[in-house]
file model27.txt (compact mmCIF, N, CA and C atoms)
# COMPACT_ATOMS: atom_id res chain seq x y z
N MET H 1 1.29 -0.63 -12.03
CA MET H 1 1.68 0.10 -13.21
C MET H 1 2.16 -0.83 -14.32
N TYR H 2 2.69 -1.98 -13.94
CA TYR H 2 3.25 -2.89 -14.94
C TYR H 2 2.44 -4.18 -15.05
N GLU H 3 1.25 -4.17 -14.48
CA GLU H 3 0.29 -5.28 -14.57
C GLU H 3 0.83 -6.60 -14.04
N ARG H 4 1.62 -6.51 -12.97
CA ARG H 4 2.08 -7.70 -12.26
C ARG H 4 2.38 -7.28 -10.81
N PRO H 5 2.13 -8.18 -9.87
CA PRO H 5 2.37 -7.83 -8.47
C PRO H 5 3.85 -7.87 -8.11
N ILE H 6 4.21 -7.06 -7.13
CA ILE H 6 5.56 -7.13 -6.56
C ILE H 6 5.58 -8.18 -5.46
N PHE H 7 4.46 -8.33 -4.73
CA PHE H 7 4.36 -9.25 -3.61
C PHE H 7 3.61 -10.51 -4.00
N GLU H 8 4.10 -11.65 -3.55
CA GLU H 8 3.37 -12.91 -3.75
C GLU H 8 2.23 -13.02 -2.75
N GLU H 9 2.45 -12.51 -1.55
CA GLU H 9 1.46 -12.61 -0.48
C GLU H 9 0.20 -11.82 -0.85
N ASP H 10 -0.94 -12.32 -0.38
CA ASP H 10 -2.19 -11.61 -0.59
C ASP H 10 -2.37 -10.53 0.47
N CYS H 11 -2.97 -9.44 0.06
CA CYS H 11 -3.26 -8.31 0.93
C CYS H 11 -4.62 -8.55 1.59
N ARG H 12 -4.76 -8.08 2.81
CA ARG H 12 -6.00 -8.23 3.57
C ARG H 12 -6.57 -6.86 3.94
N ALA H 13 -7.89 -6.78 4.03
CA ALA H 13 -8.58 -5.52 4.36
C ALA H 13 -8.81 -5.45 5.86
N TRP H 14 -7.81 -5.00 6.59
CA TRP H 14 -7.92 -4.86 8.03
C TRP H 14 -8.58 -3.52 8.36
N VAL H 15 -8.92 -3.35 9.62
CA VAL H 15 -9.64 -2.16 10.08
C VAL H 15 -8.95 -0.86 9.66
N HIS H 16 -7.64 -0.78 9.84
CA HIS H 16 -6.94 0.48 9.59
C HIS H 16 -6.39 0.60 8.18
N GLY H 17 -6.69 -0.36 7.31
CA GLY H 17 -6.25 -0.27 5.93
C GLY H 17 -5.77 -1.62 5.43
N PRO H 18 -5.24 -1.64 4.20
CA PRO H 18 -4.74 -2.89 3.63
C PRO H 18 -3.44 -3.32 4.31
N VAL H 19 -3.32 -4.63 4.54
CA VAL H 19 -2.16 -5.16 5.25
C VAL H 19 -1.69 -6.44 4.58
N TYR H 20 -0.38 -6.57 4.47
CA TYR H 20 0.24 -7.84 4.09
C TYR H 20 0.65 -8.48 5.40
N PRO H 21 -0.09 -9.51 5.89
CA PRO H 21 0.15 -10.05 7.23
C PRO H 21 1.60 -10.49 7.51
N GLU H 22 2.27 -11.09 6.54
CA GLU H 22 3.67 -11.50 6.79
C GLU H 22 4.57 -10.30 7.03
N VAL H 23 4.35 -9.23 6.30
CA VAL H 23 5.13 -8.00 6.48
C VAL H 23 4.80 -7.39 7.83
N TYR H 24 3.52 -7.37 8.16
CA TYR H 24 3.09 -6.84 9.46
C TYR H 24 3.78 -7.59 10.61
N GLU H 25 3.75 -8.91 10.55
CA GLU H 25 4.37 -9.72 11.62
C GLU H 25 5.85 -9.43 11.74
N LEU H 26 6.51 -9.22 10.62
CA LEU H 26 7.94 -8.97 10.61
C LEU H 26 8.31 -7.65 11.31
N PHE H 27 7.47 -6.62 11.13
CA PHE H 27 7.81 -5.28 11.60
C PHE H 27 6.97 -4.75 12.75
N ARG H 28 5.96 -5.45 13.21
CA ARG H 28 5.01 -4.90 14.17
C ARG H 28 5.62 -4.48 15.50
N ASP H 29 6.64 -5.14 15.95
CA ASP H 29 7.23 -4.81 17.25
C ASP H 29 7.90 -3.44 17.27
N PHE H 30 8.20 -2.88 16.11
CA PHE H 30 8.85 -1.58 16.05
C PHE H 30 7.88 -0.43 16.29
N LYS H 31 6.59 -0.71 16.11
CA LYS H 31 5.54 0.29 16.27
C LYS H 31 5.89 1.56 15.48
N TYR H 32 6.12 2.68 16.16
CA TYR H 32 6.42 3.94 15.48
C TYR H 32 7.91 4.27 15.46
N ASN H 33 8.71 3.33 15.91
CA ASN H 33 10.15 3.55 16.01
C ASN H 33 10.86 3.21 14.70
N PRO H 34 12.05 3.78 14.49
CA PRO H 34 12.83 3.42 13.30
C PRO H 34 13.13 1.91 13.29
N ILE H 35 13.16 1.34 12.13
CA ILE H 35 13.45 -0.09 11.99
C ILE H 35 14.95 -0.24 11.81
N ASP H 36 15.61 -0.55 12.92
CA ASP H 36 17.06 -0.69 12.93
C ASP H 36 17.38 -1.89 13.81
N ASP H 37 17.56 -3.03 13.20
CA ASP H 37 17.70 -4.26 13.94
C ASP H 37 18.59 -5.22 13.16
N ALA H 38 19.47 -5.89 13.85
CA ALA H 38 20.40 -6.83 13.21
C ALA H 38 19.68 -7.97 12.48
N ARG H 39 18.45 -8.28 12.89
CA ARG H 39 17.70 -9.35 12.21
C ARG H 39 17.46 -9.04 10.74
N PHE H 40 17.49 -7.77 10.37
CA PHE H 40 17.20 -7.38 9.00
C PHE H 40 18.45 -7.23 8.15
N ALA H 41 19.60 -7.57 8.71
CA ALA H 41 20.84 -7.55 7.93
C ALA H 41 20.75 -8.50 6.75
N LEU H 42 19.95 -9.56 6.90
CA LEU H 42 19.80 -10.51 5.80
C LEU H 42 19.11 -9.89 4.59
N LEU H 43 18.45 -8.75 4.77
CA LEU H 43 17.80 -8.07 3.66
C LEU H 43 18.77 -7.18 2.88
N GLU H 44 19.94 -6.91 3.44
CA GLU H 44 20.92 -6.07 2.75
C GLU H 44 21.32 -6.73 1.44
N GLY H 45 21.40 -5.92 0.42
CA GLY H 45 21.78 -6.43 -0.89
C GLY H 45 20.62 -6.98 -1.69
N THR H 46 19.43 -7.05 -1.11
CA THR H 46 18.28 -7.58 -1.85
C THR H 46 17.76 -6.59 -2.87
N ARG H 47 18.18 -5.32 -2.78
CA ARG H 47 17.76 -4.33 -3.77
C ARG H 47 18.13 -4.80 -5.17
N ASP H 48 19.26 -5.50 -5.27
CA ASP H 48 19.70 -6.01 -6.57
C ASP H 48 18.77 -7.09 -7.12
N ALA H 49 17.95 -7.68 -6.25
CA ALA H 49 17.02 -8.72 -6.69
C ALA H 49 15.77 -8.12 -7.34
N LEU H 50 15.58 -6.82 -7.21
CA LEU H 50 14.41 -6.15 -7.78
C LEU H 50 14.69 -5.76 -9.23
N THR H 51 13.63 -5.78 -10.03
CA THR H 51 13.76 -5.29 -11.40
C THR H 51 13.81 -3.77 -11.38
N ASP H 52 14.22 -3.17 -12.48
CA ASP H 52 14.24 -1.71 -12.57
C ASP H 52 12.84 -1.14 -12.39
N ASP H 53 11.82 -1.83 -12.96
CA ASP H 53 10.43 -1.38 -12.80
C ASP H 53 10.02 -1.41 -11.33
N GLU H 54 10.37 -2.47 -10.61
CA GLU H 54 10.02 -2.58 -9.19
C GLU H 54 10.72 -1.49 -8.38
N LYS H 55 11.98 -1.23 -8.67
CA LYS H 55 12.72 -0.16 -7.98
C LYS H 55 12.05 1.19 -8.22
N ARG H 56 11.61 1.40 -9.44
CA ARG H 56 10.97 2.67 -9.79
C ARG H 56 9.67 2.87 -9.01
N VAL H 57 8.86 1.81 -8.92
CA VAL H 57 7.60 1.89 -8.17
C VAL H 57 7.88 2.16 -6.69
N ILE H 58 8.83 1.44 -6.13
CA ILE H 58 9.17 1.63 -4.72
C ILE H 58 9.66 3.05 -4.48
N ASP H 59 10.50 3.57 -5.35
CA ASP H 59 10.97 4.95 -5.22
C ASP H 59 9.81 5.94 -5.28
N LEU H 60 8.88 5.73 -6.20
CA LEU H 60 7.71 6.60 -6.30
C LEU H 60 6.91 6.59 -5.00
N VAL H 61 6.69 5.41 -4.46
CA VAL H 61 5.91 5.28 -3.23
C VAL H 61 6.63 5.95 -2.07
N VAL H 62 7.90 5.68 -1.91
CA VAL H 62 8.68 6.26 -0.80
C VAL H 62 8.73 7.78 -0.93
N ASN H 63 8.92 8.31 -2.13
CA ASN H 63 9.06 9.74 -2.33
C ASN H 63 7.75 10.51 -2.21
N THR H 64 6.63 9.83 -2.23
CA THR H 64 5.33 10.51 -2.12
C THR H 64 4.60 10.10 -0.84
N PHE H 65 4.23 8.85 -0.72
CA PHE H 65 3.52 8.38 0.47
C PHE H 65 4.43 8.41 1.70
N GLY H 66 5.74 8.32 1.50
CA GLY H 66 6.68 8.23 2.60
C GLY H 66 6.73 9.44 3.51
N MET H 67 6.17 10.55 3.10
CA MET H 67 6.18 11.75 3.93
C MET H 67 5.02 11.78 4.92
N TYR H 68 4.10 10.80 4.82
CA TYR H 68 2.91 10.80 5.66
C TYR H 68 3.01 9.76 6.77
N GLY H 69 2.34 10.05 7.87
CA GLY H 69 2.25 9.12 8.98
C GLY H 69 1.09 8.15 8.79
N GLY H 70 0.97 7.25 9.73
CA GLY H 70 -0.03 6.18 9.65
C GLY H 70 -1.47 6.65 9.53
N LYS H 71 -1.85 7.67 10.28
CA LYS H 71 -3.25 8.14 10.25
C LYS H 71 -3.61 8.72 8.89
N VAL H 72 -2.69 9.45 8.28
CA VAL H 72 -2.96 10.03 6.95
C VAL H 72 -3.03 8.90 5.92
N LEU H 73 -2.11 7.95 5.99
CA LEU H 73 -2.15 6.81 5.06
C LEU H 73 -3.44 6.02 5.24
N GLU H 74 -3.89 5.89 6.46
CA GLU H 74 -5.17 5.21 6.73
C GLU H 74 -6.32 5.95 6.03
N ARG H 75 -6.34 7.27 6.14
CA ARG H 75 -7.39 8.06 5.47
C ARG H 75 -7.39 7.82 3.97
N ILE H 76 -6.20 7.78 3.39
CA ILE H 76 -6.11 7.54 1.95
C ILE H 76 -6.68 6.18 1.59
N THR H 77 -6.23 5.14 2.27
CA THR H 77 -6.68 3.78 1.93
C THR H 77 -8.17 3.59 2.16
N HIS H 78 -8.73 4.31 3.13
CA HIS H 78 -10.16 4.18 3.40
C HIS H 78 -11.01 4.82 2.31
N ASN H 79 -10.39 5.57 1.42
CA ASN H 79 -11.09 6.16 0.27
C ASN H 79 -10.85 5.40 -1.02
N GLU H 80 -10.12 4.31 -0.96
CA GLU H 80 -9.81 3.55 -2.16
C GLU H 80 -10.79 2.40 -2.34
N THR H 81 -11.28 2.26 -3.55
CA THR H 81 -12.34 1.31 -3.87
C THR H 81 -12.04 -0.14 -3.46
N PRO H 82 -10.87 -0.70 -3.75
CA PRO H 82 -10.66 -2.11 -3.36
C PRO H 82 -10.83 -2.35 -1.86
N TRP H 83 -10.30 -1.47 -1.03
CA TRP H 83 -10.43 -1.62 0.42
C TRP H 83 -11.89 -1.44 0.83
N MET H 84 -12.58 -0.44 0.29
CA MET H 84 -13.99 -0.20 0.64
C MET H 84 -14.85 -1.40 0.25
N GLU H 85 -14.61 -1.96 -0.94
CA GLU H 85 -15.40 -3.13 -1.38
C GLU H 85 -15.14 -4.33 -0.49
N ALA H 86 -13.90 -4.57 -0.11
CA ALA H 86 -13.57 -5.71 0.74
C ALA H 86 -14.15 -5.55 2.15
N ARG H 87 -14.30 -4.33 2.61
CA ARG H 87 -14.81 -4.05 3.96
C ARG H 87 -16.33 -3.88 4.00
N LYS H 88 -16.98 -3.97 2.85
CA LYS H 88 -18.43 -3.77 2.80
C LYS H 88 -19.12 -4.72 3.78
N GLY H 89 -19.99 -4.18 4.61
CA GLY H 89 -20.71 -4.97 5.59
C GLY H 89 -20.04 -5.02 6.96
N TYR H 90 -18.83 -4.49 7.05
CA TYR H 90 -18.13 -4.45 8.34
C TYR H 90 -18.24 -3.04 8.91
N GLY H 91 -18.47 -2.94 10.20
CA GLY H 91 -18.44 -1.65 10.87
C GLY H 91 -17.01 -1.13 10.92
N ASP H 92 -16.88 0.15 11.26
CA ASP H 92 -15.56 0.79 11.27
C ASP H 92 -14.52 0.08 12.12
N SER H 93 -14.94 -0.48 13.25
CA SER H 93 -13.97 -1.09 14.16
C SER H 93 -14.08 -2.62 14.22
N ILE H 94 -14.82 -3.20 13.28
CA ILE H 94 -14.99 -4.66 13.26
C ILE H 94 -13.82 -5.28 12.48
N PRO H 95 -13.05 -6.15 13.14
CA PRO H 95 -11.92 -6.78 12.45
C PRO H 95 -12.38 -7.68 11.29
N SER H 96 -11.55 -7.77 10.29
CA SER H 96 -11.79 -8.71 9.20
C SER H 96 -10.44 -9.12 8.63
N SER H 97 -10.46 -10.18 7.90
CA SER H 97 -9.26 -10.61 7.18
C SER H 97 -9.66 -10.84 5.72
N GLU H 98 -10.59 -10.02 5.26
CA GLU H 98 -11.07 -10.15 3.88
C GLU H 98 -9.93 -9.93 2.90
N LEU H 99 -9.93 -10.75 1.88
CA LEU H 99 -8.91 -10.67 0.84
C LEU H 99 -9.12 -9.43 -0.02
N LEU H 100 -8.03 -8.78 -0.35
CA LEU H 100 -8.03 -7.73 -1.37
C LEU H 100 -7.38 -8.38 -2.59
N PRO H 101 -8.19 -8.92 -3.49
CA PRO H 101 -7.61 -9.67 -4.62
C PRO H 101 -6.65 -8.84 -5.46
N LYS H 102 -5.53 -9.45 -5.82
CA LYS H 102 -4.51 -8.77 -6.62
C LYS H 102 -5.11 -8.21 -7.91
N GLU H 103 -6.01 -8.97 -8.52
CA GLU H 103 -6.64 -8.53 -9.77
C GLU H 103 -7.43 -7.24 -9.56
N ARG H 104 -8.16 -7.16 -8.45
CA ARG H 104 -8.95 -5.96 -8.16
C ARG H 104 -8.03 -4.76 -7.90
N ILE H 105 -6.97 -4.98 -7.14
CA ILE H 105 -6.02 -3.91 -6.86
C ILE H 105 -5.39 -3.43 -8.16
N MET H 106 -4.99 -4.37 -9.02
CA MET H 106 -4.34 -4.02 -10.28
C MET H 106 -5.29 -3.21 -11.16
N LYS H 107 -6.52 -3.66 -11.32
CA LYS H 107 -7.48 -2.93 -12.15
C LYS H 107 -7.72 -1.52 -11.62
N TYR H 108 -7.80 -1.39 -10.31
CA TYR H 108 -8.01 -0.08 -9.70
C TYR H 108 -6.86 0.87 -10.06
N TYR H 109 -5.63 0.41 -9.86
CA TYR H 109 -4.49 1.29 -10.09
C TYR H 109 -4.20 1.53 -11.57
N ILE H 110 -4.60 0.62 -12.43
CA ILE H 110 -4.51 0.89 -13.87
C ILE H 110 -5.42 2.06 -14.22
N LEU H 111 -6.64 2.04 -13.68
CA LEU H 111 -7.58 3.14 -13.90
C LEU H 111 -7.06 4.44 -13.28
N ILE H 112 -6.54 4.36 -12.07
CA ILE H 112 -6.00 5.54 -11.41
C ILE H 112 -4.83 6.11 -12.21
N ASN H 113 -3.99 5.23 -12.74
CA ASN H 113 -2.86 5.70 -13.54
C ASN H 113 -3.33 6.43 -14.80
N ARG H 114 -4.40 5.92 -15.42
CA ARG H 114 -4.96 6.61 -16.59
C ARG H 114 -5.46 8.00 -16.23
N ASN H 115 -6.09 8.11 -15.05
CA ASN H 115 -6.69 9.38 -14.64
C ASN H 115 -5.69 10.37 -14.06
N TYR H 116 -4.65 9.88 -13.40
CA TYR H 116 -3.72 10.77 -12.69
C TYR H 116 -2.29 10.73 -13.20
N GLY H 117 -1.93 9.69 -13.91
CA GLY H 117 -0.53 9.53 -14.28
C GLY H 117 0.32 9.25 -13.06
N ILE H 118 -0.07 8.24 -12.27
CA ILE H 118 0.64 7.95 -11.02
C ILE H 118 2.00 7.31 -11.26
N ASP H 119 2.41 7.23 -12.51
CA ASP H 119 3.76 6.77 -12.81
C ASP H 119 4.77 7.92 -12.71
N THR H 120 4.29 9.07 -12.22
CA THR H 120 5.16 10.22 -11.93
C THR H 120 4.86 10.69 -10.51
N GLU H 121 5.82 11.35 -9.89
CA GLU H 121 5.60 11.87 -8.54
C GLU H 121 4.50 12.93 -8.53
N ASP H 122 4.45 13.79 -9.54
CA ASP H 122 3.41 14.82 -9.61
C ASP H 122 2.03 14.18 -9.70
N GLY H 123 1.89 13.15 -10.53
CA GLY H 123 0.61 12.47 -10.67
C GLY H 123 0.20 11.77 -9.38
N LEU H 124 1.16 11.14 -8.74
CA LEU H 124 0.87 10.44 -7.49
C LEU H 124 0.51 11.43 -6.39
N GLN H 125 1.18 12.57 -6.35
CA GLN H 125 0.84 13.59 -5.36
C GLN H 125 -0.56 14.15 -5.60
N ALA H 126 -0.96 14.32 -6.86
CA ALA H 126 -2.31 14.78 -7.17
C ALA H 126 -3.35 13.76 -6.70
N TYR H 127 -3.06 12.50 -6.91
CA TYR H 127 -3.95 11.43 -6.46
C TYR H 127 -4.08 11.45 -4.93
N ILE H 128 -2.96 11.56 -4.23
CA ILE H 128 -2.97 11.59 -2.76
C ILE H 128 -3.80 12.79 -2.28
N TYR H 129 -3.58 13.95 -2.90
CA TYR H 129 -4.32 15.15 -2.53
C TYR H 129 -5.82 14.92 -2.67
N ASP H 130 -6.24 14.32 -3.78
CA ASP H 130 -7.67 14.05 -3.98
C ASP H 130 -8.21 13.06 -2.96
N MET H 131 -7.43 12.02 -2.65
CA MET H 131 -7.87 11.03 -1.68
C MET H 131 -8.03 11.66 -0.30
N LEU H 132 -7.15 12.58 0.04
CA LEU H 132 -7.23 13.24 1.35
C LEU H 132 -8.38 14.24 1.40
N GLY H 133 -8.82 14.73 0.24
CA GLY H 133 -9.93 15.67 0.19
C GLY H 133 -11.30 15.04 0.31
N ARG H 134 -11.34 13.73 0.17
CA ARG H 134 -12.64 13.02 0.27
C ARG H 134 -12.97 12.74 1.71
N ALA H 135 -14.25 12.76 2.02
CA ALA H 135 -14.70 12.38 3.36
C ALA H 135 -14.67 10.87 3.46
N SER H 136 -14.13 10.36 4.54
CA SER H 136 -14.07 8.90 4.73
C SER H 136 -15.37 8.38 5.26
call {"tool": "encode", "arguments": {"input": "model27.txt", "output": "structure tokens"}}
result
Amino acid sequence: MYERPIFEEDCRAWVHGPVYPEVYELFRDFKYNPIDDARFALLEGTRDALTDDEKRVIDLVVNTFGMYGGKVLERITHNETPWMEARKGYGDSIPSSELLPKERIMKYYILINRNYGIDTEDGLQAYIYDMLGRAS
């Protein structure tokens, strides 16, 4: 929304959707369980390190995408152009570590924001609804 990434790490087009490998490694052992571990105490207070724009985006994502489980989120991402382009030529269950370039992701969401107004919860919910209505 603000034409700059929140993450320095590059996103990868894995089988079940886009993944930031460092984030995955950090949280993978929790699987479907709540993330409640003393190792993450070092993250407390880091909210202040975020800009107001970054906080707003995170709040939008949590308040809309946060109500869905992994399988629904997977369906959404499998209908998004950057992930589909990065996975082109791979079968459904063939692993890859193809890069999802930040520039491609940014251009996609700038266009989506123009079409849906995803800078609001209502716009983001409309986008999610449309993504879930498409056949994967």
call {"tool": "closest_residue", "arguments": {"input": "model27.txt", "among": "H:Gly69, H:Pro101, H:Asp130, H:Ile118", "to": "H:Tyr32", "atoms": "only C-alpha atoms"}}
result
H:Gly69
call {"tool": "closest_atom_pairs", "arguments": {"input": "model27.txt", "of": "stretch 51-115 of chain H", "to": "stretch 10-18 of chain H", "cutoff": "8 Å", "atoms": "only C-alpha atoms", "output": "Markdown table"}}
result
| residue | atom | partner | partner_atom | distance |
| --- | --- | --- | --- | --- |
| H:Glu74 | CA | H:Gly17 | CA | 5.6 |
| H:Thr77 | CA | H:Gly17 | CA | 5.7 |
| H:His78 | CA | H:Gly17 | CA | 6.4 |
| H:Trp83 | CA | H:Ala13 | CA | 5.8 |
| H:Ala86 | CA | H:Ala13 | CA | 6.2 |
| H:Arg87 | CA | H:Ala13 | CA | 6.4 |
| H:Asp92 | CA | H:Val15 | CA | 6.7 |
| H:Ser93 | CA | H:Val15 | CA | 6.0 |
| H:Ile94 | CA | H:Val15 | CA | 6.7 |
| H:Pro95 | CA | H:Val15 | CA | 5.7 |
| H:Ser96 | CA | H:Trp14 | CA | 5.6 |
| H:Ser97 | CA | H:Arg12 | CA | 5.4 |
| H:Glu98 | CA | H:Ala13 | CA | 5.3 |
| H:Leu99 | CA | H:Arg12 | CA | 4.7 |
| H:Leu100 | CA | H:Cys11 | CA | 5.3 |
| H:Pro101 | CA | H:Asp10 | CA | 7.0 |
| H:Lys102 | CA | H:Asp10 | CA | 7.1 |
call {"tool": "atom_distance", "arguments": {"input": "model27.txt", "atom1": "atom CA of H:Asn33", "atom2": "atom C of H:Tyr68"}}
result
13.2 Å
call {"tool": "atom_distance", "arguments": {"input": "model27.txt", "atom1": "atom N of H:Thr64", "atom2": "atom N of H:Glu103"}}
result
23.5 Å
call {"tool": "atom_distance", "arguments": {"input": "model27.txt", "atom1": "atom CA of H:Phe65", "atom2": "atom CA of H:Ile35"}}
result
17.4 Å
call {"tool": "closest_residue", "arguments": {"input": "model27.txt", "among": "H:Leu50, H:Leu111, H:Leu73, H:Leu60", "to": "H:Val19", "atoms": "only C-alpha atoms"}}
result
H:Leu73
call {"tool": "closest_residue", "arguments": {"input": "model27.txt", "among": "H:Pro82, H:Pro5, H:Asp29, H:Glu121", "to": "H:Asn63", "atoms": "all atoms listed in the file"}}
result
H:Glu121
call {"tool": "residues_around", "arguments": {"input": "model27.txt", "residues": "H:Asn79", "least_positions_apart": "3", "cutoff": "6.5 Å", "atoms": "only N, CA and C atoms", "output": "compact mmCIF listing (two decimals) with N, CA and C atoms, keeping the file's coordinate frame"}}
result
# COMPACT_ATOMS: atom_id res chain seq x y z
N GLU H 74 -3.89 5.89 6.46
CA GLU H 74 -5.17 5.21 6.73
C GLU H 74 -6.32 5.95 6.03
N ARG H 75 -6.34 7.27 6.14
CA ARG H 75 -7.39 8.06 5.47
C ARG H 75 -7.39 7.82 3.97
N ILE H 76 -6.20 7.78 3.39
CA ILE H 76 -6.11 7.54 1.95
C ILE H 76 -6.68 6.18 1.59
N MET H 84 -12.58 -0.44 0.29
CA MET H 84 -13.99 -0.20 0.64
C MET H 84 -14.85 -1.40 0.25
N MET H 131 -7.43 12.02 -2.65
CA MET H 131 -7.87 11.03 -1.68
C MET H 131 -8.03 11.66 -0.30
N SER H 136 -14.13 10.36 4.54
CA SER H 136 -14.07 8.90 4.73
C SER H 136 -15.37 8.38 5.26
call {"tool": "select_by_dssp", "arguments": {"input": "model27.txt", "residues": "chain H", "states": "strand (DSSP E)", "output": "JSON, numbers by chain"}}
result
{"H": [11, 12, 13, 14, 17, 18, 19, 98, 99, 100]}
call {"tool": "write_last_selection", "arguments": {"input": "model27.txt", "atoms": "N, CA and C atoms", "output": "tab-separated table (two decimals), in the frame of the given file"}}
result
chain	number	residue	atom	x	y	z
H	11	CYS	N	-2.97	-9.44	0.06
H	11	CYS	CA	-3.26	-8.31	0.93
H	11	CYS	C	-4.62	-8.55	1.59
H	12	ARG	N	-4.76	-8.08	2.81
H	12	ARG	CA	-6.00	-8.23	3.57
H	12	ARG	C	-6.57	-6.86	3.94
H	13	ALA	N	-7.89	-6.78	4.03
H	13	ALA	CA	-8.58	-5.52	4.36
H	13	ALA	C	-8.81	-5.45	5.86
H	14	TRP	N	-7.81	-5.00	6.59
H	14	TRP	CA	-7.92	-4.86	8.03
H	14	TRP	C	-8.58	-3.52	8.36
H	17	GLY	N	-6.69	-0.36	7.31
H	17	GLY	CA	-6.25	-0.27	5.93
H	17	GLY	C	-5.77	-1.62	5.43
H	18	PRO	N	-5.24	-1.64	4.20
H	18	PRO	CA	-4.74	-2.89	3.63
H	18	PRO	C	-3.44	-3.32	4.31
H	19	VAL	N	-3.32	-4.63	4.54
H	19	VAL	CA	-2.16	-5.16	5.25
H	19	VAL	C	-1.69	-6.44	4.58
H	98	GLU	N	-10.59	-10.02	5.26
H	98	GLU	CA	-11.07	-10.15	3.88
H	98	GLU	C	-9.93	-9.93	2.90
H	99	LEU	N	-9.93	-10.75	1.88
H	99	LEU	CA	-8.91	-10.67	0.84
H	99	LEU	C	-9.12	-9.43	-0.02
H	100	LEU	N	-8.03	-8.78	-0.35
H	100	LEU	CA	-8.03	-7.73	-1.37
H	100	LEU	C	-7.38	-8.38	-2.59
call {"tool": "residues_around", "arguments": {"input": "model27.txt", "residues": "H:Tyr109", "least_positions_apart": "5", "cutoff": "6.5 Å", "atoms": "all atoms listed in the file", "output": "PDB file with N, CA and C atoms, in the frame of the given file"}}
result
ATOM      1  N   MET H   1       1.290  -0.630 -12.030  1.00  0.00           N
ATOM      2  CA  MET H   1       1.680   0.100 -13.210  1.00  0.00           C
ATOM      3  C   MET H   1       2.160  -0.830 -14.320  1.00  0.00           C
ATOM      4  N   ARG H 104      -8.160  -7.160  -8.450  1.00  0.00           N
ATOM      5  CA  ARG H 104      -8.950  -5.960  -8.160  1.00  0.00           C
ATOM      6  C   ARG H 104      -8.030  -4.760  -7.900  1.00  0.00           C
ATOM      7  N   ARG H 114      -4.400   5.920 -15.420  1.00  0.00           N
ATOM      8  CA  ARG H 114      -4.960   6.610 -16.590  1.00  0.00           C
ATOM      9  C   ARG H 114      -5.460   8.000 -16.230  1.00  0.00           C
TER      10      ARG H 114
END
call {"tool": "axis_aligned_box", "arguments": {"input": "model27.txt", "around": "stretch 76-83 of chain H", "padding_each_side": "6 Å", "output": "lines of an AutoDock Vina configuration file"}}
result
center_x = -9.2
center_y = 2.7
center_z = -0.2
size_x = 18.2
size_y = 22.1
size_z = 19.3
call {"tool": "decode", "arguments": {"input": "model27.txt", "residues": "stretch 52-56 of chain H", "atoms": "all heavy atoms", "output": "PDB file, in the first residue's frame"}}
result
ATOM      1  N   ASP H  52       3.774   3.955  11.775  1.00  0.00           N
ATOM      2  CA  ASP H  52       2.312   3.956  11.852  1.00  0.00           C
ATOM      3  C   ASP H  52       1.709   3.256  10.634  1.00  0.00           C
ATOM      4  O   ASP H  52       0.713   2.540  10.762  1.00  0.00           O
ATOM      5  CB  ASP H  52       1.770   5.375  11.973  1.00  0.00           C
ATOM      6  CG  ASP H  52       2.033   5.982  13.349  1.00  0.00           C
ATOM      7  OD1 ASP H  52       2.324   5.223  14.305  1.00  0.00           O
ATOM      8  OD2 ASP H  52       1.958   7.225  13.460  1.00  0.00           O
ATOM      9  N   ASP H  53       2.308   3.465   9.444  1.00  0.00           N
ATOM     10  CA  ASP H  53       1.823   2.796   8.228  1.00  0.00           C
ATOM     11  C   ASP H  53       1.959   1.279   8.355  1.00  0.00           C
ATOM     12  O   ASP H  53       1.050   0.533   7.983  1.00  0.00           O
ATOM     13  CB  ASP H  53       2.595   3.273   6.994  1.00  0.00           C
ATOM     14  CG  ASP H  53       2.263   4.701   6.604  1.00  0.00           C
ATOM     15  OD1 ASP H  53       1.249   5.245   7.080  1.00  0.00           O
ATOM     16  OD2 ASP H  53       3.044   5.279   5.808  1.00  0.00           O
ATOM     17  N   GLU H  54       3.089   0.808   8.870  1.00  0.00           N
ATOM     18  CA  GLU H  54       3.304  -0.633   9.035  1.00  0.00           C
ATOM     19  C   GLU H  54       2.312  -1.218  10.035  1.00  0.00           C
ATOM     20  O   GLU H  54       1.741  -2.284   9.800  1.00  0.00           O
ATOM     21  CB  GLU H  54       4.743  -0.901   9.474  1.00  0.00           C
ATOM     22  CG  GLU H  54       5.754  -0.618   8.380  1.00  0.00           C
ATOM     23  CD  GLU H  54       7.192  -0.586   8.870  1.00  0.00           C
ATOM     24  OE1 GLU H  54       7.428  -0.410  10.087  1.00  0.00           O
ATOM     25  OE2 GLU H  54       8.093  -0.738   8.027  1.00  0.00           O
ATOM     26  N   LYS H  55       2.073  -0.518  11.133  1.00  0.00           N
ATOM     27  CA  LYS H  55       1.095  -0.972  12.131  1.00  0.00           C
ATOM     28  C   LYS H  55      -0.292  -1.068  11.511  1.00  0.00           C
ATOM     29  O   LYS H  55      -1.037  -2.019  11.759  1.00  0.00           O
ATOM     30  CB  LYS H  55       1.067  -0.021  13.328  1.00  0.00           C
ATOM     31  CG  LYS H  55       2.314  -0.073  14.186  1.00  0.00           C
ATOM     32  CD  LYS H  55       2.262   0.996  15.269  1.00  0.00           C
ATOM     33  CE  LYS H  55       3.578   1.128  15.995  1.00  0.00           C
ATOM     34  NZ  LYS H  55       3.577   2.227  16.967  1.00  0.00           N
ATOM     35  N   ARG H  56      -0.625  -0.098  10.687  1.00  0.00           N
ATOM     36  CA  ARG H  56      -1.944  -0.078  10.044  1.00  0.00           C
ATOM     37  C   ARG H  56      -2.117  -1.278   9.112  1.00  0.00           C
ATOM     38  O   ARG H  56      -3.161  -1.934   9.112  1.00  0.00           O
ATOM     39  CB  ARG H  56      -2.122   1.227   9.271  1.00  0.00           C
ATOM     40  CG  ARG H  56      -3.493   1.403   8.691  1.00  0.00           C
ATOM     41  CD  ARG H  56      -3.689   2.837   8.195  1.00  0.00           C
ATOM     42  NE  ARG H  56      -5.001   2.946   7.607  1.00  0.00           N
ATOM     43  CZ  ARG H  56      -5.261   2.686   6.331  1.00  0.00           C
ATOM     44  NH1 ARG H  56      -4.313   2.336   5.513  1.00  0.00           N
ATOM     45  NH2 ARG H  56      -6.499   2.800   5.877  1.00  0.00           N
TER      46      ARG H  56
END
